[in-house]
Structure formats: structure tokens, C-alpha cells
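Data block for target36.cif (mmCIF, C-alpha atoms):
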data_input
#
loop_
_atom_site.label_atom_id
_atom_site.label_comp_id
_atom_site.auth_asym_id
_atom_site.auth_seq_id
_atom_site.Cartn_x
_atom_site.Cartn_y
_atom_site.Cartn_z
CA MET U 1168 163.10 32.41 134.10
CA ASN U 1169 161.35 34.73 131.64
CA ALA U 1170 163.08 38.12 131.62
CA LYS U 1171 159.81 39.84 130.68
CA HIS U 1172 158.45 39.10 134.18
CA ASN U 1173 161.09 41.41 135.65
CA GLN U 1174 160.31 44.33 133.37
CA PRO U 1175 158.16 47.25 134.65
CA GLU U 1176 154.63 47.62 133.30
CA PRO U 1177 154.75 49.59 130.05
CA TYR U 1178 153.43 53.13 130.03
CA SER U 1179 150.78 54.29 127.59
CA TYR U 1180 148.99 57.53 126.81
CA GLU U 1181 145.70 56.00 127.95
CA LYS U 1182 147.17 55.04 131.34
CA ALA U 1183 148.28 58.67 131.66
CA GLY U 1184 144.64 59.69 131.26
CA VAL U 1185 144.32 60.44 127.54
CA SER U 1186 142.26 58.19 125.26
CA ILE U 1187 143.16 58.48 121.58
CA ALA U 1188 140.33 56.07 120.77
CA ALA U 1189 137.78 58.30 122.54
CA GLY U 1190 139.04 61.30 120.62
CA ASN U 1191 138.77 59.48 117.31
CA ALA U 1192 135.27 58.29 118.20
CA LEU U 1193 134.23 61.86 118.95
CA VAL U 1194 135.54 63.14 115.60
CA LYS U 1195 133.57 60.40 113.84
CA ALA U 1196 130.42 61.28 115.78
CA ILE U 1197 130.56 65.02 115.15
CA ALA U 1198 131.52 64.84 111.47
CA PRO U 1199 127.86 64.78 110.32
CA LEU U 1200 127.16 67.81 112.52
CA ALA U 1201 129.93 69.74 110.77
CA ARG U 1202 128.80 68.63 107.30
CA ALA U 1203 125.33 69.99 108.06
CA THR U 1204 126.84 73.50 108.30
CA ALA U 1205 128.37 73.43 104.79
CA ARG U 1206 127.91 76.64 102.78
CA PRO U 1207 129.31 78.09 99.54
CA GLY U 1208 133.06 78.31 99.99
CA ALA U 1209 133.37 75.45 102.49
CA ASP U 1210 132.44 71.79 102.38
CA ALA U 1211 132.86 71.51 106.19
CA ASP U 1212 134.60 68.11 106.15
CA LEU U 1213 136.69 67.32 109.23
CA GLY U 1214 139.92 65.39 109.54
CA GLY U 1215 142.60 67.42 107.81
CA PHE U 1216 145.30 69.55 109.41
CA GLY U 1217 143.35 72.70 108.55
CA GLY U 1218 140.11 73.83 106.97
CA PHE U 1219 139.91 75.50 103.57
CA PHE U 1220 137.58 78.32 102.60
CA ASP U 1221 137.15 79.85 99.14
CA PRO U 1222 135.97 83.51 99.35
CA LYS U 1223 135.37 83.63 95.58
CA ALA U 1224 132.96 80.70 95.81
CA ALA U 1225 131.17 82.60 98.58
CA GLY U 1226 130.55 85.45 96.15
CA TYR U 1227 133.23 87.94 97.21
CA ALA U 1228 135.22 89.94 94.67
CA ASP U 1229 137.61 91.98 96.85
CA PRO U 1230 136.94 90.99 100.47
CA LEU U 1231 138.45 92.24 103.67
CA LEU U 1232 138.73 89.44 106.19
CA VAL U 1233 137.64 90.09 109.77
CA ALA U 1234 138.49 87.71 112.63
CA ALA U 1235 137.05 87.33 116.11
CA ASN U 1236 137.56 84.93 118.99
CA ASP U 1237 135.76 84.60 122.31
CA GLY U 1238 134.56 82.23 124.99
CA VAL U 1239 131.45 81.84 127.13
CA GLY U 1240 132.94 82.64 130.53
CA THR U 1241 131.54 81.11 133.69
CA LYS U 1242 128.21 80.41 131.99
CA VAL U 1243 129.96 77.15 131.11
CA LYS U 1244 130.07 76.27 134.81
CA LEU U 1245 126.32 76.81 135.10
CA ALA U 1246 125.84 74.44 132.15
CA ILE U 1247 128.13 71.84 133.74
CA ASP U 1248 126.54 72.00 137.18
CA HIS U 1249 123.00 71.64 135.83
CA ASP U 1250 123.49 69.31 132.83
CA ARG U 1251 122.61 72.02 130.30
CA HIS U 1252 125.19 71.22 127.62
CA ASP U 1253 122.98 71.41 124.54
CA ALA U 1254 122.87 75.16 123.88
CA ILE U 1255 126.14 76.44 125.37
CA GLY U 1256 127.69 76.00 121.91
CA ILE U 1257 125.17 78.49 120.50
CA ASP U 1258 126.52 81.02 123.00
CA LEU U 1259 130.05 80.33 121.81
CA VAL U 1260 129.17 80.99 118.19
CA ALA U 1261 127.01 84.01 119.05
CA MET U 1262 129.78 85.78 120.95
CA CYS U 1263 132.02 85.58 117.89
CA VAL U 1264 129.61 86.15 115.01
CA ASN U 1265 127.86 89.09 116.70
CA ASP U 1266 131.27 90.74 117.01
CA LEU U 1267 131.83 90.27 113.27
CA ILE U 1268 128.47 91.59 112.11
CA VAL U 1269 129.02 94.90 113.93
CA GLN U 1270 131.89 95.52 111.52
CA GLY U 1271 129.72 94.71 108.54
CA ALA U 1272 131.27 91.28 108.05
CA GLU U 1273 129.38 88.13 107.13
CA PRO U 1274 130.61 85.19 109.25
CA LEU U 1275 132.10 82.59 106.90
CA PHE U 1276 133.69 79.84 108.97
CA PHE U 1277 134.10 78.82 112.58
CA LEU U 1278 136.52 76.68 114.59
CA ASP U 1279 136.07 75.58 118.18
CA TYR U 1280 138.36 74.56 121.04
CA PHE U 1281 137.00 72.13 123.65
CA ALA U 1282 139.28 71.35 126.60
CA THR U 1283 138.61 68.93 129.45
CA GLY U 1284 140.39 66.71 131.95
CA LYS U 1285 138.77 63.45 130.80
CA LEU U 1286 136.77 63.26 127.60
CA ASP U 1287 133.10 62.38 128.04
CA ASN U 1288 131.95 61.86 124.47
CA GLY U 1289 128.28 62.20 125.37
CA VAL U 1290 128.81 65.66 126.83
CA ALA U 1291 131.26 66.74 124.14
CA GLU U 1292 128.92 65.67 121.34
CA ARG U 1293 126.06 67.66 122.90
CA VAL U 1294 128.28 70.74 123.12
CA VAL U 1295 129.46 70.42 119.52
CA ALA U 1296 125.87 69.88 118.36
CA GLY U 1297 125.09 73.28 119.89
CA ILE U 1298 128.07 74.81 118.11
CA ALA U 1299 126.84 73.37 114.81
CA GLU U 1300 123.36 74.73 115.48
CA GLY U 1301 124.81 78.18 116.18
CA CYS U 1302 126.75 78.02 112.93
CA LYS U 1303 123.58 77.17 111.00
CA ILE U 1304 121.73 80.09 112.61
CA ALA U 1305 124.60 82.41 111.67
CA GLY U 1306 125.11 80.94 108.19
CA CYS U 1307 128.76 80.02 108.72
CA ALA U 1308 130.52 76.69 108.27
CA LEU U 1309 132.05 74.68 111.12
CA ILE U 1310 135.27 73.68 109.35
CA GLY U 1311 137.40 72.39 112.20
CA GLY U 1312 138.37 72.52 115.84
CA GLU U 1313 140.44 71.02 118.60
CA THR U 1314 139.47 68.65 121.38
CA ALA U 1315 142.08 68.68 124.15
CA GLU U 1316 142.04 66.00 126.86
CA MET U 1317 144.34 67.24 129.64
CA PRO U 1318 144.38 65.22 132.86
CA GLY U 1319 145.06 67.28 135.95
CA MET U 1320 144.10 70.59 134.34
CA TYR U 1321 140.37 70.46 135.07
CA ALA U 1322 138.20 69.13 137.88
CA ALA U 1323 136.12 66.03 137.13
CA GLY U 1324 133.34 66.89 134.68
CA ASP U 1325 134.64 70.38 133.91
CA TYR U 1326 135.44 71.69 130.46
CA ASP U 1327 136.09 75.02 128.78
CA LEU U 1328 135.30 76.42 125.35
CA ALA U 1329 136.77 78.93 122.95
CA GLY U 1330 135.63 79.87 119.48
CA PHE U 1331 137.30 81.44 116.46
CA CYS U 1332 135.42 82.91 113.50
CA VAL U 1333 136.43 84.60 110.27
CA GLY U 1334 134.11 86.78 108.23
CA ALA U 1335 134.32 88.94 105.14
CA VAL U 1336 133.08 92.27 103.89
CA GLU U 1337 133.63 93.78 100.47
CA ARG U 1338 136.29 96.47 100.54
CA GLY U 1339 134.69 99.86 101.19
CA GLU U 1340 131.52 98.39 102.72
CA GLN U 1341 132.86 97.80 106.24
CA LEU U 1342 131.12 99.54 109.15
CA THR U 1343 133.48 102.03 110.79
CA GLY U 1344 131.04 104.45 112.41
CA GLU U 1345 132.70 107.38 110.65
CA GLY U 1346 129.38 108.61 109.27
CA ILE U 1347 127.64 108.78 112.64
CA ALA U 1348 126.53 112.35 113.41
CA PRO U 1349 124.50 114.30 115.99
CA GLY U 1350 120.78 113.75 115.43
CA ASP U 1351 121.15 110.05 114.56
CA MET U 1352 118.88 107.56 116.31
CA VAL U 1353 119.91 104.62 118.50
CA LEU U 1354 117.77 101.51 118.12
CA GLY U 1355 118.05 98.51 120.42
CA LEU U 1356 117.42 94.85 119.57
CA ALA U 1357 116.06 92.81 122.46
CA SER U 1358 118.35 90.27 124.08
CA SER U 1359 117.24 86.71 124.84
CA GLY U 1360 118.37 86.99 128.46
CA VAL U 1361 121.69 87.45 130.23
CA HIS U 1362 123.51 86.31 127.05
CA SER U 1363 127.14 85.48 128.02
CA ASN U 1364 128.34 88.22 130.37
CA GLY U 1365 127.88 88.69 134.10
CA TYR U 1366 127.66 85.03 135.09
CA SER U 1367 130.20 85.27 137.90
CA LEU U 1368 127.74 87.67 139.56
CA VAL U 1369 124.73 85.50 138.66
CA ARG U 1370 126.36 82.42 140.18
CA ARG U 1371 127.41 84.35 143.29
CA LEU U 1372 123.84 85.54 143.78
CA ALA U 1373 122.51 82.00 143.26
CA ALA U 1374 124.86 80.66 145.95
CA ASP U 1375 124.40 83.48 148.46
CA LYS U 1376 120.61 83.71 148.07
CA GLY U 1377 120.03 79.96 147.94
CA TRP U 1378 118.13 80.02 144.66
CA LYS U 1379 116.37 76.77 143.75
CA LEU U 1380 117.42 76.64 140.12
CA ASP U 1381 115.45 73.47 139.38
CA ARG U 1382 112.16 75.18 140.31
CA PRO U 1383 110.02 77.63 138.29
CA ALA U 1384 111.44 81.13 138.07
CA PRO U 1385 109.71 83.59 140.44
CA PHE U 1386 109.11 85.90 137.45
CA ASP U 1387 107.98 83.16 135.01
CA HIS U 1388 106.25 80.10 136.40
CA GLU U 1389 106.35 78.40 132.99
CA THR U 1390 110.17 78.28 132.96
CA LEU U 1391 112.67 76.73 135.34
CA LEU U 1392 114.97 79.35 136.85
CA VAL U 1393 118.08 77.63 135.48
CA ASP U 1394 116.62 77.64 131.97
CA ALA U 1395 115.79 81.35 132.20
CA LEU U 1396 119.34 82.07 133.33
CA ILE U 1397 121.04 79.91 130.71
CA ALA U 1398 118.97 80.84 127.63
CA PRO U 1399 121.42 81.02 124.69
CA THR U 1400 122.72 84.31 123.34
CA ARG U 1401 120.69 85.64 120.43
CA ILE U 1402 122.44 85.64 117.05
CA TYR U 1403 121.62 88.78 115.05
CA VAL U 1404 123.51 88.05 111.82
CA LYS U 1405 120.76 87.16 109.37
CA SER U 1406 118.44 89.98 110.39
CA LEU U 1407 121.17 92.65 110.17
CA LEU U 1408 123.18 91.57 107.13
CA PRO U 1409 120.69 92.71 104.44
CA LEU U 1410 120.37 96.17 106.02
CA ILE U 1411 124.15 96.49 106.27
CA ARG U 1412 124.57 95.60 102.60
CA GLU U 1413 121.92 98.16 101.66
CA GLY U 1414 123.87 100.85 103.53
CA ARG U 1415 121.04 101.60 105.94
CA ILE U 1416 123.02 101.20 109.17
CA LYS U 1417 125.74 103.63 110.26
CA GLY U 1418 127.05 101.73 113.26
CA LEU U 1419 126.45 98.67 115.44
CA ALA U 1420 127.48 97.80 118.97
CA HIS U 1421 127.29 94.27 120.38
CA ILE U 1422 126.23 94.75 124.02
CA THR U 1423 128.53 92.43 125.95
CA GLY U 1424 130.67 93.02 129.05
CA GLY U 1425 130.56 96.70 129.90
CA GLY U 1426 126.92 96.97 128.82
CA LEU U 1427 125.43 99.89 126.91
CA LEU U 1428 127.71 102.31 128.72
CA GLU U 1429 130.99 100.94 127.46
CA ASN U 1430 130.09 99.26 124.16
CA ILE U 1431 128.25 102.02 122.31
CA PRO U 1432 131.20 104.48 122.54
CA ARG U 1433 133.41 101.91 120.79
CA VAL U 1434 131.67 102.70 117.48
CA LEU U 1435 131.31 106.48 117.90
CA PRO U 1436 133.54 109.02 116.15
CA ASP U 1437 135.05 111.90 118.07
CA GLY U 1438 132.54 114.62 118.89
CA CYS U 1439 129.58 112.26 119.25
CA HIS U 1440 127.92 111.30 122.52
CA ALA U 1441 125.15 108.70 122.87
CA ARG U 1442 122.27 109.52 125.22
CA ILE U 1443 120.25 106.45 126.19
CA ASP U 1444 116.83 106.84 127.84
CA THR U 1445 115.85 103.90 130.04
CA ASP U 1446 112.21 105.04 129.96
CA ALA U 1447 112.19 104.00 126.29
CA TRP U 1448 111.90 100.29 127.04
CA GLU U 1449 110.58 98.14 129.84
CA GLN U 1450 113.16 96.39 131.93
CA THR U 1451 112.83 92.63 131.53
CA ALA U 1452 111.52 90.55 134.43
CA LEU U 1453 114.80 88.62 134.53
CA MET U 1454 116.93 91.77 134.79
CA ALA U 1455 114.58 93.23 137.39
CA PHE U 1456 114.91 90.00 139.39
CA LEU U 1457 118.71 90.12 139.28
CA GLN U 1458 118.78 93.77 140.27
CA ALA U 1459 116.39 93.26 143.19
CA GLN U 1460 118.08 90.10 144.45
CA GLY U 1461 121.50 91.73 144.48
CA ASN U 1462 120.40 95.25 145.39
CA ILE U 1463 122.53 96.16 142.37
CA GLU U 1464 123.20 99.85 141.84
CA PRO U 1465 122.02 101.15 138.43
CA ALA U 1466 125.55 102.01 137.31
CA GLU U 1467 126.74 98.51 138.20
CA LEU U 1468 123.75 96.97 136.41
CA ALA U 1469 124.51 98.98 133.27
CA ARG U 1470 128.17 97.90 133.23
CA THR U 1471 127.57 94.23 134.05
CA PHE U 1472 124.45 93.17 132.13
CA ASN U 1473 122.89 93.99 128.76
CA CYS U 1474 119.72 95.28 130.49
CA GLY U 1475 117.53 93.66 127.84
CA ILE U 1476 119.34 95.08 124.78
CA GLY U 1477 121.67 92.71 122.95
CA MET U 1478 122.57 94.89 119.98
CA ALA U 1479 122.49 98.67 119.45
CA LEU U 1480 122.10 100.20 115.98
CA ILE U 1481 122.83 103.79 114.98
CA VAL U 1482 120.84 105.00 111.99
CA ALA U 1483 119.94 108.27 110.31
CA PRO U 1484 116.68 109.67 111.73
CA ASP U 1485 114.87 109.41 108.38
CA MET U 1486 115.84 105.73 108.18
CA ALA U 1487 114.80 104.72 111.70
CA ASP U 1488 111.20 103.70 110.98
CA ASP U 1489 112.05 101.69 107.86
CA VAL U 1490 114.98 99.94 109.55
CA ALA U 1491 112.88 99.11 112.61
CA ALA U 1492 110.09 97.72 110.42
CA ALA U 1493 112.52 95.55 108.45
CA LEU U 1494 113.99 94.14 111.64
CA GLU U 1495 110.56 93.43 113.09
CA ARG U 1496 109.72 91.50 109.92
CA ALA U 1497 112.90 89.51 110.63
CA ASP U 1498 111.47 88.59 114.08
CA GLU U 1499 113.52 91.05 116.08
CA THR U 1500 112.03 93.12 118.91
CA VAL U 1501 113.12 96.71 118.27
CA GLU U 1502 113.20 99.56 120.79
CA ARG U 1503 114.02 103.21 120.12
CA ILE U 1504 116.42 103.75 122.98
CA GLY U 1505 118.29 107.00 122.37
CA THR U 1506 119.94 109.62 120.21
CA ILE U 1507 123.39 110.84 119.24
CA GLU U 1508 124.33 114.32 120.43
CA ALA U 1509 127.31 116.58 119.89
CA GLY U 1510 129.76 116.25 122.77
CA THR U 1511 132.63 114.27 124.19
CA LYS U 1512 132.82 110.74 122.84
CA GLY U 1513 130.98 108.54 125.31
CA CYS U 1514 127.57 107.41 126.52
CA THR U 1515 125.06 108.61 129.10
CA VAL U 1516 122.28 106.37 130.37
CA SER U 1517 119.51 108.01 132.35
CA GLY U 1518 115.82 107.74 133.14
CA SER U 1519 113.10 108.58 135.58
CA ALA U 1520 112.74 107.06 139.02
CA ASP U 1521 110.02 104.81 137.59
CA SER U 1522 112.31 103.14 135.05
CA TRP U 1523 113.90 99.94 136.34
CA ALA U 1524 114.68 101.18 139.87
CA ALA U 1525 115.42 104.49 141.58
CA LEU U 1526 117.69 105.63 138.81
CA GLU U 1527 120.26 108.37 138.73
CA ASP U 1528 122.11 109.65 135.71
CA TRP U 1529 125.31 107.76 134.96
CA SER U 1530 127.69 108.16 132.09
CA THR U 1531 131.06 107.32 130.66
CA THR U 1532 133.21 109.39 128.37
CA HIS U 1533 136.11 108.39 126.16
CA ASN U 1534 138.47 111.11 125.13
CA GLY U 1535 139.39 110.85 121.46
#

Can you dump the structure from the file as C-alpha cells?
Amino acid sequence: MNAKHNQPEPYSYEKAGVSIAAGNALVKAIAPLARATARPGADADLGGFGGFFDPKAAGYADPLLVAANDGVGTKVKLAIDHDRHDAIGIDLVAMCVNDLIVQGAEPLFFLDYFATGKLDNGVAERVVAGIAEGCKIAGCALIGGETAEMPGMYAAGDYDLAGFCVGAVERGEQLTGEGIAPGDMVLGLASSGVHSNGYSLVRRLAADKGWKLDRPAPFDHETLLVDALIAPTRIYVKSLLPLIREGRIKGLAHITGGGLLENIPRVLPDGCHARIDTDAWEQTALMAFLQAQGNIEPAELARTFNCGIGMALIVAPDMADDVAAALERADETVERIGTIEAGTKGCTVSGSADSWAALEDWSTTHNG
């Protein structure tokens, strides 16, 4: 009798739910996507234990390095549920690189983390293609990442994303907001939609109100509602970087969770208060739709969504027109949304009853 017949079936990693072959196939498939993001300082080849970057080759003499990491939140679930995997990677890059540019830093290289229960290479490759596209838009190299296949950690078809980006700014050129003073102007750059904050509320509204996401949006019959909701976050790096290097911007605030109310004060020095006038720009049809569908109070709207402004700039009043013109030439939509006043560090957003909805004054202050 053959003793092998009495032995238990051998275990393997694949029988436990992890396919090394699938992971290797994915790395091979996405390698050309990474190479397409190569830039001075990085050749963007994959496969090593880490990615190298040469700041001197990127043109820096005495750089300060700035790092940021972020995710996309429950917008990922919207992408999963409606097979919209192609642009969610742009959101991932945008959330990191927009946080770097507000400190004056040029994004240099990016790494991603993709985690799932069972690797679907078709989906994963579409996600990474979006990440590579975001890196090209931002001018940074995709130099590495991690794909984690973890059975039992995620429901079938689910995945999650995280991104990590490092940028550089020459010593002494970083944006600190220290020069901001009463009388300065606040400019706003238009967002491309909801961006990547507030999606738990968006998805709750969609479920409770029975939205038909695969039908044209009530406010835009040329666009499916799901596509309006999931439009990728705008990346502002290339339009802002020249103005930063010319010293024409005093401060920048990326309008993410917390909205205008909570993000603008993050860049203000003590003794400066931002006053934002909602009459200065027209509320977008998408934001108006969300507010009406949820009967959302203005203060809640201002703390949850970007309200149509994805980036706020603080500039000297005599620079405002030139800066706005330069940004418009770079295909940005620019609004003059407020001013800096003397007062307690914080932000006040107010407007007439005709702006957005019946609007009362609401504000936040941050003591030194």
C-alpha cells in the first residue's frame, strides 16, 4: 500500500485564497503604466524592494521634502457598486498631491496601496491605470506600491485604496501663510464636483431617496447621475506651481473634509479672519441638488462639501487680477470669494437669502 494515499492533502497559499501568480501577472501588466509616469529623478521601474528618487536630477539644490498620504473614502464603494473603476485612482492621487501643493511643494513620486479579498486583475489594472493617469496630470512618478490579497478581510468584489506622495520645495520657498495680512483677497478655484469628501452622506441620500443612478441626472440630462457624482477630483498642481515659484501666492487651502469653514483657517496666521461671501459665486447644480434632496442646513453643507470650490488662494489685493488671469489661462475657473480681515483666527461664510438657499451667517474660529 502506498503511504502517500494516507497523507492529508497538502496546503498551499492559493488554496488559502491568495494567488501569487495573479499578483505577479498584475505587476507585469501595470509596469508599462508606471513607466509612462517617469520624470527627471525617477525612472519609474517596478519590481525592487523600494523606489529610488534623485532630487538633484529633478533640479533641486537644497530641497525640503514634504510627505502626504490619503485615501478616497467611501467614494470607492460607489465605484465598486457601479463598475466605475477607471478614474478612482485619479482621486487617490489628487487627494495627496493637492495637499502637497498647498505647502508650495512639487509632487515628485507616488506609491499606492491596493487591498482586496480576492484579486481581480481586470479591476485592479483599471484602478492602477487611473493612478498612473493622475500621476501624469500631477507630474509625479509612480515608483511603487503594494497589492494586498487578504481573504476574509473584504466582501466579494470590495477593495480599498491608500496613496502616499512625497514632494519637494526649495528651502525658504515653502508656503507657510505667515505673510497673510488683513486686506488680502481670497480666490477660489472651481471644483469638478463632490471631489472625495462627503460620500457617506451622498450614498445615504441615494439609498433613502431611491435615486436611479444609471439614469440622466435631474440637473444635467447629458450626464448619468452616477457619473456626475463620481467625477474625479481636480488636480491643481500644474496651474498653481508657476505662481508659487514666482512668489505670487501667500497661502493655499485644499478644500476637503470640513469645507471652506475648517480648511481656510489652517493656513491663516493669528490675528487673521477669512470672510467668505457666498453671493460671489453661483452654487453648482450638483451641490444645489444635494442640498435640496437632503434638506441640508447651510452650516452642514459648508462643513461636509466643497460647495463648488476645490482650492482657495490668498493673495495680495494688487496681485489678485494678475493671478486670476494666469489661472484662467491655465484652464481654471476662478472666483473672487472673500477677503482677510483682522480678528480671531477663523472663517466666516455668509450670504444673502438668494445665495444657495435661505442662508444664515455661520462661522468657525480657532484660537491661536

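One distance worth recording is that between atom CA of U:Gly1475 and atom CA of U:Cys1263, which is 19.3 Å.
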
*asked:* Running the PyMOL selection byres ((chain U and resi 1288) around 9) on this model by hand, what would come out? Give it as a ChimeraX atom specification.
replied: /U:1189-1190,1192-1193,1196,1286-1287,1289-1293

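The residue that comes closest to U:Ala1483, out of U:Gly1505, U:Gly1513, U:Gly1350, U:Gly1319 and on the basis of only C-alpha atoms, is U:Gly1350.
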
*How many Å separate atom CA of U:Met1486 from atom CA of U:Asp1351?*
9.4 Å

_What would the selection look like, as a list of chain:residue names, if the PyMOL selection byres ((chain U and resi 1374-1379) around 12) were run on the coordinates I just shared?_
U:Leu1245, U:His1249, U:Ser1367, U:Leu1368, U:Val1369, U:Arg1370, U:Arg1371, U:Leu1372, U:Ala1373, U:Leu1380, U:Asp1381, U:Arg1382, U:Pro1383, U:Ala1384, U:Pro1385, U:Leu1391, U:Leu1392, U:Val1393, U:Asp1394, U:Leu1396, U:Phe1456, U:Leu1457, U:Ala1459, U:Gln1460, U:Gly1461, U:Asn1462

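Atom CA of U:Gly1284 sits 13.5 Å away from atom CA of U:Lys1182.
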
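Using only C-alpha atoms, the protein and nucleic acid residues lying no more than 8 Å from U:Ile1504, apart from those fewer than 3 places from it along its own chain, are U:Val1353, U:Leu1354, U:Gly1355, U:Ile1443, U:Asp1444, U:Thr1445, U:Ala1447, U:Trp1448.
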
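Minimum distance to U:Arg1442 across U:Asp1221, U:Asp1229, U:Glu1495, U:Glu1508 (counting only C-alpha atoms) occurs at U:Glu1508.
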
_Evaluate the PyMOL selection byres ((chain U and resi 1408-1422) around 8) against this structure - the residues, as an NGL selection string, please._
:U and (1265-1266 or 1268-1271 or 1273 or 1340 or 1342-1347 or 1404-1407 or 1423-1427 or 1430-1431 or 1433-1435 or 1473 or 1476-1483 or 1486 or 1490)

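Remark: residues at most 8 Å from position (132.2, 78.5, 121.3) in file coordinates are Asp1237, Gly1238, Val1239, Ile1255, Gly1256, Ile1257, Asp1258, Leu1259, Val1260, Ala1261, Met1262, Cys1263, Asp1279, Tyr1280, Ile1298, Leu1328, Ala1329, Gly1330 and Phe1331 of chain U, using only C-alpha atoms.
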
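Using only C-alpha atoms, the shortest contact distance between U:Leu1232 and any of U:Leu1275, U:Ala1315, U:Val1294, U:Ala1348 is found at U:Leu1275.
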
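Of the listed residues (U:Cys1439, U:Leu1356, U:Ala1308, U:Ala1452), U:Leu1356 comes nearest to U:Leu1494; the distances count all atoms listed in the file.
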
*Tell me which of U:Ala1198, U:Cys1302, U:Ile1397, U:Ala1188 sits closest to U:Lys1244, counting only C-alpha atoms.*
U:Ile1397

*Taking all atoms listed in the file into account, which of U:Tyr1366, U:Thr1204, U:Gly1339, U:Ala1323 comes nearest U:Gly1306?*
U:Thr1204
